[in-house]
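> Input file: query.cif. Contents: mmCIF, C-alpha atoms.
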data_data
#
loop_
_atom_site.group_PDB
_atom_site.id
_atom_site.type_symbol
_atom_site.label_atom_id
_atom_site.label_comp_id
_atom_site.auth_asym_id
_atom_site.auth_seq_id
_atom_site.Cartn_x
_atom_site.Cartn_y
_atom_site.Cartn_z
ATOM 1 C CA MET I 18 0.000 0.000 0.000
ATOM 2 C CA PRO I 19 1.496 3.363 -0.927
ATOM 3 C CA ALA I 20 2.431 5.614 1.979
ATOM 4 C CA MET I 21 0.030 8.404 0.915
ATOM 5 C CA GLN I 22 -2.949 6.038 0.769
ATOM 6 C CA TRP I 23 -2.072 4.595 4.199
ATOM 7 C CA LEU I 24 -1.741 8.125 5.657
ATOM 8 C CA HIS I 25 -5.117 9.100 4.184
ATOM 9 C CA GLN I 26 -6.785 6.024 5.745
ATOM 10 C CA GLN I 27 -5.256 6.863 9.138
ATOM 11 C CA ARG I 28 -6.561 10.436 8.973
ATOM 12 C CA VAL I 29 -10.044 9.291 7.995
ATOM 13 C CA ALA I 30 -10.103 6.727 10.812
ATOM 14 C CA GLY I 31 -8.787 9.298 13.306
ATOM 15 C CA GLY I 32 -11.345 11.854 12.183
ATOM 16 C CA PHE I 33 -14.169 9.357 12.511
ATOM 17 C CA LEU I 34 -13.014 8.364 16.009
ATOM 18 C CA GLY I 35 -12.787 12.027 16.989
ATOM 19 C CA PHE I 36 -16.303 12.611 15.681
ATOM 20 C CA LEU I 37 -17.619 9.713 17.764
ATOM 21 C CA VAL I 38 -15.937 10.991 20.927
ATOM 22 C CA LEU I 39 -17.161 14.542 20.340
ATOM 23 C CA GLY I 40 -20.661 13.349 19.522
ATOM 24 C CA ALA I 41 -20.828 11.290 22.724
ATOM 25 C CA GLY I 42 -20.367 14.470 24.741
ATOM 26 C CA PHE I 43 -23.417 16.065 23.136
ATOM 27 C CA SER I 44 -25.718 13.066 23.101
ATOM 28 C CA PRO I 45 -28.197 12.490 25.920
ATOM 29 C CA ALA I 46 -27.622 9.627 28.292
ATOM 30 C CA LEU I 47 -29.585 6.488 27.576
ATOM 31 C CA ALA I 48 -31.144 4.114 30.109
ATOM 32 C CA GLY I 49 -28.500 1.741 31.407
ATOM 33 C CA ASP I 50 -25.694 4.260 30.882
ATOM 34 C CA SER I 51 -23.380 5.107 33.733
ATOM 35 C CA LEU I 52 -21.956 8.488 34.541
ATOM 36 C CA TYR I 53 -19.498 9.762 37.127
ATOM 37 C CA GLY I 54 -19.492 13.264 38.514
ATOM 38 C CA LYS I 55 -19.357 15.436 41.583
ATOM 39 C CA VAL I 56 -22.453 16.367 43.575
ATOM 40 C CA THR I 57 -22.566 20.150 43.939
ATOM 41 C CA GLU I 58 -25.963 20.483 45.619
ATOM 42 C CA VAL I 59 -28.409 18.387 47.603
ATOM 43 C CA LYS I 60 -31.823 19.892 46.911
ATOM 44 C CA ASP I 61 -33.652 17.383 49.100
ATOM 45 C CA ALA I 62 -33.300 13.738 50.073
ATOM 46 C CA THR I 63 -34.164 12.537 46.572
ATOM 47 C CA VAL I 64 -32.723 15.242 44.286
ATOM 48 C CA VAL I 65 -29.082 16.234 43.776
ATOM 49 C CA THR I 66 -27.183 18.302 41.232
ATOM 50 C CA LEU I 67 -24.418 16.390 39.452
ATOM 51 C CA ASP I 68 -21.517 18.158 37.746
ATOM 52 C CA TYR I 69 -20.161 15.713 35.181
ATOM 53 C CA GLY I 70 -17.456 18.025 33.832
ATOM 54 C CA ALA I 71 -19.125 19.188 30.630
ATOM 55 C CA GLY I 72 -22.222 20.419 32.437
ATOM 56 C CA THR I 73 -24.681 19.574 35.174
ATOM 57 C CA TYR I 74 -27.709 17.349 35.568
ATOM 58 C CA VAL I 75 -30.479 17.440 38.127
ATOM 59 C CA VAL I 76 -30.730 13.832 39.301
ATOM 60 C CA ARG I 77 -33.631 12.195 41.121
ATOM 61 C CA ILE I 78 -32.761 9.060 43.069
ATOM 62 C CA THR I 79 -34.910 6.279 41.679
ATOM 63 C CA GLY I 80 -37.526 4.264 43.507
ATOM 64 C CA ILE I 81 -37.901 6.316 46.680
ATOM 65 C CA GLU I 82 -40.127 9.025 48.123
ATOM 66 C CA ALA I 83 -39.012 11.163 51.042
ATOM 67 C CA PRO I 84 -41.155 13.295 53.329
ATOM 68 C CA ARG I 85 -41.283 16.876 52.052
ATOM 69 C CA GLU I 86 -41.101 18.553 55.448
ATOM 70 C CA GLY I 87 -40.489 17.825 59.094
ATOM 71 C CA LYS I 88 -37.823 16.003 61.044
ATOM 72 C CA PHE I 89 -37.576 12.980 58.751
ATOM 73 C CA ALA I 90 -37.278 15.173 55.663
ATOM 74 C CA GLN I 91 -34.381 17.034 57.267
ATOM 75 C CA ASP I 92 -32.751 13.824 58.568
ATOM 76 C CA ALA I 93 -32.963 12.197 55.119
ATOM 77 C CA ARG I 94 -31.477 15.274 53.421
ATOM 78 C CA GLU I 95 -28.603 15.287 55.942
ATOM 79 C CA VAL I 96 -27.861 11.603 55.271
ATOM 80 C CA VAL I 97 -27.705 12.259 51.527
ATOM 81 C CA ALA I 98 -25.500 15.343 52.018
ATOM 82 C CA LYS I 99 -23.116 13.387 54.250
ATOM 83 C CA LEU I 100 -22.843 10.579 51.701
ATOM 84 C CA VAL I 101 -22.476 12.576 48.472
ATOM 85 C CA LEU I 102 -22.184 16.382 48.788
ATOM 86 C CA GLY I 103 -18.883 17.544 47.312
ATOM 87 C CA LYS I 104 -17.975 13.957 46.438
ATOM 88 C CA THR I 105 -17.750 11.921 43.266
ATOM 89 C CA ILE I 106 -20.672 9.587 42.639
ATOM 90 C CA HIS I 107 -21.598 6.962 40.096
ATOM 91 C CA LEU I 108 -25.016 7.374 38.473
ATOM 92 C CA ARG I 109 -26.718 4.416 36.805
ATOM 93 C CA PHE I 110 -29.189 6.215 34.545
ATOM 94 C CA GLU I 111 -32.703 4.786 34.170
ATOM 95 C CA GLY I 112 -34.512 7.560 32.308
ATOM 96 C CA ARG I 113 -35.986 11.033 32.649
ATOM 97 C CA ASN I 114 -39.115 12.108 34.443
ATOM 98 C CA ASP I 115 -41.720 14.606 33.244
ATOM 99 C CA LYS I 116 -39.741 17.450 34.895
ATOM 100 C CA GLY I 117 -36.711 16.641 32.737
ATOM 101 C CA GLU I 118 -34.708 15.342 35.688
ATOM 102 C CA MET I 119 -32.408 12.402 35.178
ATOM 103 C CA VAL I 120 -33.587 9.438 37.224
ATOM 104 C CA GLY I 121 -31.274 6.686 38.362
ATOM 105 C CA GLN I 122 -29.466 4.844 41.077
ATOM 106 C CA VAL I 123 -26.869 6.954 42.856
ATOM 107 C CA PHE I 124 -23.821 5.198 44.280
ATOM 108 C CA THR I 125 -21.108 6.626 46.499
ATOM 109 C CA ASP I 126 -17.602 6.430 45.069
ATOM 110 C CA ASP I 127 -15.631 7.420 48.151
ATOM 111 C CA PRO I 128 -12.749 5.466 49.735
ATOM 112 C CA GLU I 129 -13.901 6.535 53.226
ATOM 113 C CA VAL I 130 -17.524 5.437 52.761
ATOM 114 C CA GLY I 131 -17.084 2.666 50.205
ATOM 115 C CA VAL I 132 -19.575 1.976 47.439
ATOM 116 C CA LYS I 133 -23.133 2.359 48.688
ATOM 117 C CA ASP I 134 -26.480 2.746 46.956
ATOM 118 C CA VAL I 135 -27.762 6.038 48.404
ATOM 119 C CA GLY I 136 -31.457 5.208 47.917
ATOM 120 C CA LEU I 137 -31.007 1.819 49.541
ATOM 121 C CA GLU I 138 -29.164 3.386 52.502
ATOM 122 C CA LEU I 139 -32.067 5.807 53.018
ATOM 123 C CA MET I 140 -34.519 2.920 52.808
ATOM 124 C CA LYS I 141 -32.573 0.837 55.357
ATOM 125 C CA SER I 142 -32.620 3.744 57.798
ATOM 126 C CA GLY I 143 -36.392 4.110 57.407
ATOM 127 C CA LEU I 144 -36.163 7.708 56.208
ATOM 128 C CA VAL I 145 -37.907 7.142 52.859
ATOM 129 C CA ARG I 146 -40.657 4.988 51.381
ATOM 130 C CA ARG I 147 -40.464 2.843 48.287
ATOM 131 C CA ILE I 148 -42.459 4.143 45.338
ATOM 132 C CA GLN I 149 -45.459 1.847 44.995
ATOM 133 C CA GLY I 150 -44.847 -0.852 42.394
ATOM 134 C CA TYR I 151 -41.127 -0.057 41.992
ATOM 135 C CA ASP I 152 -38.243 -2.246 43.093
ATOM 136 C CA TYR I 153 -34.766 -3.240 42.029
ATOM 137 C CA LYS I 154 -34.142 -6.420 40.091
ATOM 138 C CA TYR I 155 -33.488 -8.511 43.205
ATOM 139 C CA HIS I 156 -36.097 -6.729 45.380
ATOM 140 C CA GLU I 157 -33.519 -4.957 47.536
ATOM 141 C CA LEU I 158 -35.728 -1.903 48.118
ATOM 142 C CA SER I 159 -38.746 -3.863 49.321
ATOM 143 C CA ALA I 160 -36.530 -6.012 51.570
ATOM 144 C CA ALA I 161 -34.894 -2.911 53.073
ATOM 145 C CA GLU I 162 -38.277 -1.253 53.599
ATOM 146 C CA SER I 163 -39.612 -4.389 55.280
ATOM 147 C CA GLU I 164 -36.579 -4.529 57.597
ATOM 148 C CA ALA I 165 -36.969 -0.833 58.508
ATOM 149 C CA ARG I 166 -40.637 -1.440 59.334
ATOM 150 C CA LYS I 167 -39.857 -4.507 61.449
ATOM 151 C CA GLY I 168 -37.041 -2.634 63.191
ATOM 152 C CA HIS I 169 -39.260 0.423 63.805
ATOM 153 C CA ARG I 170 -36.663 2.718 62.257
ATOM 154 C CA GLY I 171 -37.295 6.250 61.023
ATOM 155 C CA LEU I 172 -40.780 6.689 59.586
ATOM 156 C CA TRP I 173 -41.811 3.373 61.085
ATOM 157 C CA ALA I 174 -40.632 4.206 64.633
ATOM 158 C CA ALA I 175 -43.935 5.133 66.225
ATOM 159 C CA THR I 176 -47.098 5.310 64.209
ATOM 160 C CA PRO I 177 -47.416 4.365 60.555
ATOM 161 C CA PRO I 178 -46.742 7.365 58.275
ATOM 162 C CA LYS I 179 -49.622 9.034 56.509
#
The structure given in the file should be rewritten as structure tokens.

Amino acid sequence: MPAMQWLHQQRVAGGFLGFLVLGAGFSPALAGDSLYGKVTEVKDATVVTLDYGAGTYVVRITGIEAPREGKFAQDAREVVAKLVLGKTIHLRFEGRNDKGEMVGQVFTDDPEVGVKDVGLELMKSGLVRRIQGYDYKYHELSAAESEARKGHRGLWAATPPK
């Protein structure tokens, strides 16, 4: 193969690869995709702002509902802030909701804390409820909610929540 033809093929291949990489930065995330970034804000126990380097996403933690006000709402927000605020997380994207928020599982990625599913940690502590009809593949959320109820933790401590 002549040197000029080989050089041309290398440039075309390099240009195509560059186009793919550039295009990936502008394309929306698809369900099942993973993304790493730093949490810059904890809006409430279920919503955080993720800075992924090229921009930010508002992310809703999947499968859980937190009280909107009161002691448990504040406690749940504090747990989330302690786990992820100012730290790198791993987001496993599931989709977008009608507000345009990214929805997915949020995992800690911190050597001090280890890898933890933030929604599952909130559920284990009894600070959130599972969204009716939603669960993880191996039913981890419903098992954690059941354990929190049996252990009378958080929302299940005294009287059943309304």
> I need every residue sitting at most 7 Å from the point (-25.3, 21.7, 41.2) (coordinates as in the file, only C-alpha atoms considered), written as a PDB file with C-alpha atoms, in the coordinates of the input.

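File point39.pdb, as written:
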ATOM      1  CA  VAL I  56     -22.453  16.367  43.575  1.00  0.00           C
ATOM      2  CA  THR I  57     -22.566  20.150  43.939  1.00  0.00           C
ATOM      3  CA  GLU I  58     -25.963  20.483  45.619  1.00  0.00           C
ATOM      4  CA  THR I  66     -27.183  18.302  41.232  1.00  0.00           C
ATOM      5  CA  LEU I  67     -24.418  16.390  39.452  1.00  0.00           C
ATOM      6  CA  ASP I  68     -21.517  18.158  37.746  1.00  0.00           C
ATOM      7  CA  THR I  73     -24.681  19.574  35.174  1.00  0.00           C
TER       8      THR I  73
END
> Given the choices I:Gly143, I:Gly171, I:Gly72, I:Gly103, which gets closest to Asp126 in chain I if the distance is worked out from only C-alpha atoms?
I:Gly103
> Find the residues around Glu138 in chain I up to 10 Å (only C-alpha atoms counted), leave out those fewer than 2 positions away in its own chain, and share them as a list of chain:residue names.
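Contacts, with the query itself left out: I:Ala93, I:Val96, I:Val97, I:Leu100, I:Phe124, I:Lys133, I:Asp134, I:Val135, I:Gly136, I:Met140, I:Lys141, I:Ser142, I:Gly143, I:Leu144, I:Val145, I:Leu158, I:Ala161.
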> Give me, please, the distance in Å between CA of Val123 in chain I and CA of Ile78 in chain I, quoted to one decimal.
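We find that CA of Val123 in chain I and CA of Ile78 in chain I lie 6.3 Å from each other.
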> Rounded to one decimal place, report the CA of Phe110 in chain I-CA of Gln122 in chain I distance in Å.
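Those two atoms sit 6.7 Å apart.
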> May I ask for the distance between CA of Lys99 in chain I and CA of Ser51 in chain I, given in Å to one decimal place?
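Atom-to-atom, CA of Lys99 in chain I to CA of Ser51 in chain I, that is 22.1 Å.
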> Starting from the shown file, work through the PyMOL selection byres ((chain I and resi 153) around 12) and note down what comes out as a ChimeraX atom specification.
/I:79-81,111,121-122,134,136-137,147-148,150-152,154-161
> Compare I:His107, I:Lys60, I:Lys55, I:Arg77 by their minimum atom-to-atom distance to Arg94 in chain I, counting only C-alpha atoms, and give me the closest one.
I:Lys60
> Specify as an mmCIF file with C-alpha atoms, keeping the file's coordinate frame each residue included when the PyMOL selection byres ((chain I and resi 127) around 10) is applied to this file.

data_model
loop_
_atom_site.group_PDB
_atom_site.id
_atom_site.type_symbol
_atom_site.label_atom_id
_atom_site.label_comp_id
_atom_site.auth_asym_id
_atom_site.auth_seq_id
_atom_site.Cartn_x
_atom_site.Cartn_y
_atom_site.Cartn_z
ATOM 1 C CA LEU I 100 -22.843 10.579 51.701
ATOM 2 C CA VAL I 101 -22.476 12.576 48.472
ATOM 3 C CA LYS I 104 -17.975 13.957 46.438
ATOM 4 C CA THR I 105 -17.750 11.921 43.266
ATOM 5 C CA ILE I 106 -20.672 9.587 42.639
ATOM 6 C CA PHE I 124 -23.821 5.198 44.280
ATOM 7 C CA THR I 125 -21.108 6.626 46.499
ATOM 8 C CA ASP I 126 -17.602 6.430 45.069
ATOM 9 C CA PRO I 128 -12.749 5.466 49.735
ATOM 10 C CA GLU I 129 -13.901 6.535 53.226
ATOM 11 C CA VAL I 130 -17.524 5.437 52.761
ATOM 12 C CA GLY I 131 -17.084 2.666 50.205
ATOM 13 C CA VAL I 132 -19.575 1.976 47.439
ATOM 14 C CA LYS I 133 -23.133 2.359 48.688
#
> Could you write out as lines of an AutoDock Vina configuration file the box around range 149-166 of chain I (axis-aligned, all atoms listed in the file, 4 Å on each side), with centre and edge lengths in Å to one decimal?

center_x = -39.5
center_y = -3.3
center_z = 49.7
size_x = 20.0
size_y = 18.4
size_z = 27.2
> Using all atoms listed in the file - which residues lie no farther than 9 Å from the point (-15.0, 10.8, 34.3) in the file's frame? Write them as a PyMOL selection string.
chain I and resi 52-54+69-70
> Could you pull range 153-169 of chain I out of the structure I just pasted and write it to a file containing N, CA, C and O atoms, as a short mmCIF file (atom, residue, chain, number, x, y, z; two decimals), in the first residue's frame?

data_model
loop_
_atom_site.label_atom_id
_atom_site.label_comp_id
_atom_site.auth_asym_id
_atom_site.auth_seq_id
_atom_site.Cartn_x
_atom_site.Cartn_y
_atom_site.Cartn_z
N TYR I 153 -35.94 -2.85 42.79
CA TYR I 153 -34.77 -3.24 42.03
C TYR I 153 -34.95 -4.68 41.55
O TYR I 153 -35.87 -5.38 41.98
N LYS I 154 -34.05 -5.10 40.70
CA LYS I 154 -34.14 -6.42 40.09
C LYS I 154 -34.26 -7.54 41.13
O LYS I 154 -35.02 -8.49 40.95
N TYR I 155 -33.49 -7.45 42.19
CA TYR I 155 -33.49 -8.51 43.20
C TYR I 155 -34.28 -8.12 44.45
O TYR I 155 -34.06 -8.66 45.52
N HIS I 156 -35.17 -7.15 44.33
CA HIS I 156 -36.10 -6.73 45.38
C HIS I 156 -35.40 -6.17 46.62
O HIS I 156 -35.91 -6.29 47.73
N GLU I 157 -34.26 -5.51 46.41
CA GLU I 157 -33.52 -4.96 47.54
C GLU I 157 -34.29 -3.85 48.25
O GLU I 157 -34.23 -3.75 49.48
N LEU I 158 -35.00 -3.00 47.48
CA LEU I 158 -35.73 -1.90 48.12
C LEU I 158 -36.86 -2.41 49.00
O LEU I 158 -37.02 -1.95 50.13
N SER I 159 -37.64 -3.35 48.51
CA SER I 159 -38.75 -3.86 49.32
C SER I 159 -38.22 -4.61 50.54
O SER I 159 -38.81 -4.51 51.63
N ALA I 160 -37.12 -5.32 50.41
CA ALA I 160 -36.53 -6.01 51.57
C ALA I 160 -36.04 -5.01 52.60
O ALA I 160 -36.26 -5.19 53.81
N ALA I 161 -35.39 -3.93 52.15
CA ALA I 161 -34.89 -2.91 53.07
C ALA I 161 -36.05 -2.19 53.76
O ALA I 161 -35.99 -1.89 54.96
N GLU I 162 -37.12 -1.91 53.00
CA GLU I 162 -38.28 -1.25 53.60
C GLU I 162 -38.92 -2.16 54.65
O GLU I 162 -39.29 -1.71 55.74
N SER I 163 -39.03 -3.43 54.34
CA SER I 163 -39.61 -4.39 55.28
C SER I 163 -38.78 -4.46 56.57
O SER I 163 -39.33 -4.48 57.67
N GLU I 164 -37.46 -4.49 56.42
CA GLU I 164 -36.58 -4.53 57.60
C GLU I 164 -36.70 -3.26 58.43
O GLU I 164 -36.68 -3.31 59.66
N ALA I 165 -36.81 -2.09 57.78
CA ALA I 165 -36.97 -0.83 58.51
C ALA I 165 -38.29 -0.83 59.27
O ALA I 165 -38.35 -0.37 60.43
N ARG I 166 -39.34 -1.35 58.65
CA ARG I 166 -40.64 -1.44 59.33
C ARG I 166 -40.55 -2.35 60.56
O ARG I 166 -40.98 -1.99 61.64
N LYS I 167 -39.98 -3.55 60.35
CA LYS I 167 -39.86 -4.51 61.45
C LYS I 167 -38.98 -3.96 62.57
O LYS I 167 -39.23 -4.23 63.74
N GLY I 168 -37.96 -3.21 62.20
CA GLY I 168 -37.04 -2.63 63.19
C GLY I 168 -37.52 -1.32 63.77
O GLY I 168 -36.83 -0.72 64.60
N HIS I 169 -38.69 -0.84 63.33
CA HIS I 169 -39.26 0.42 63.81
C HIS I 169 -38.26 1.57 63.68
O HIS I 169 -38.09 2.36 64.60
#
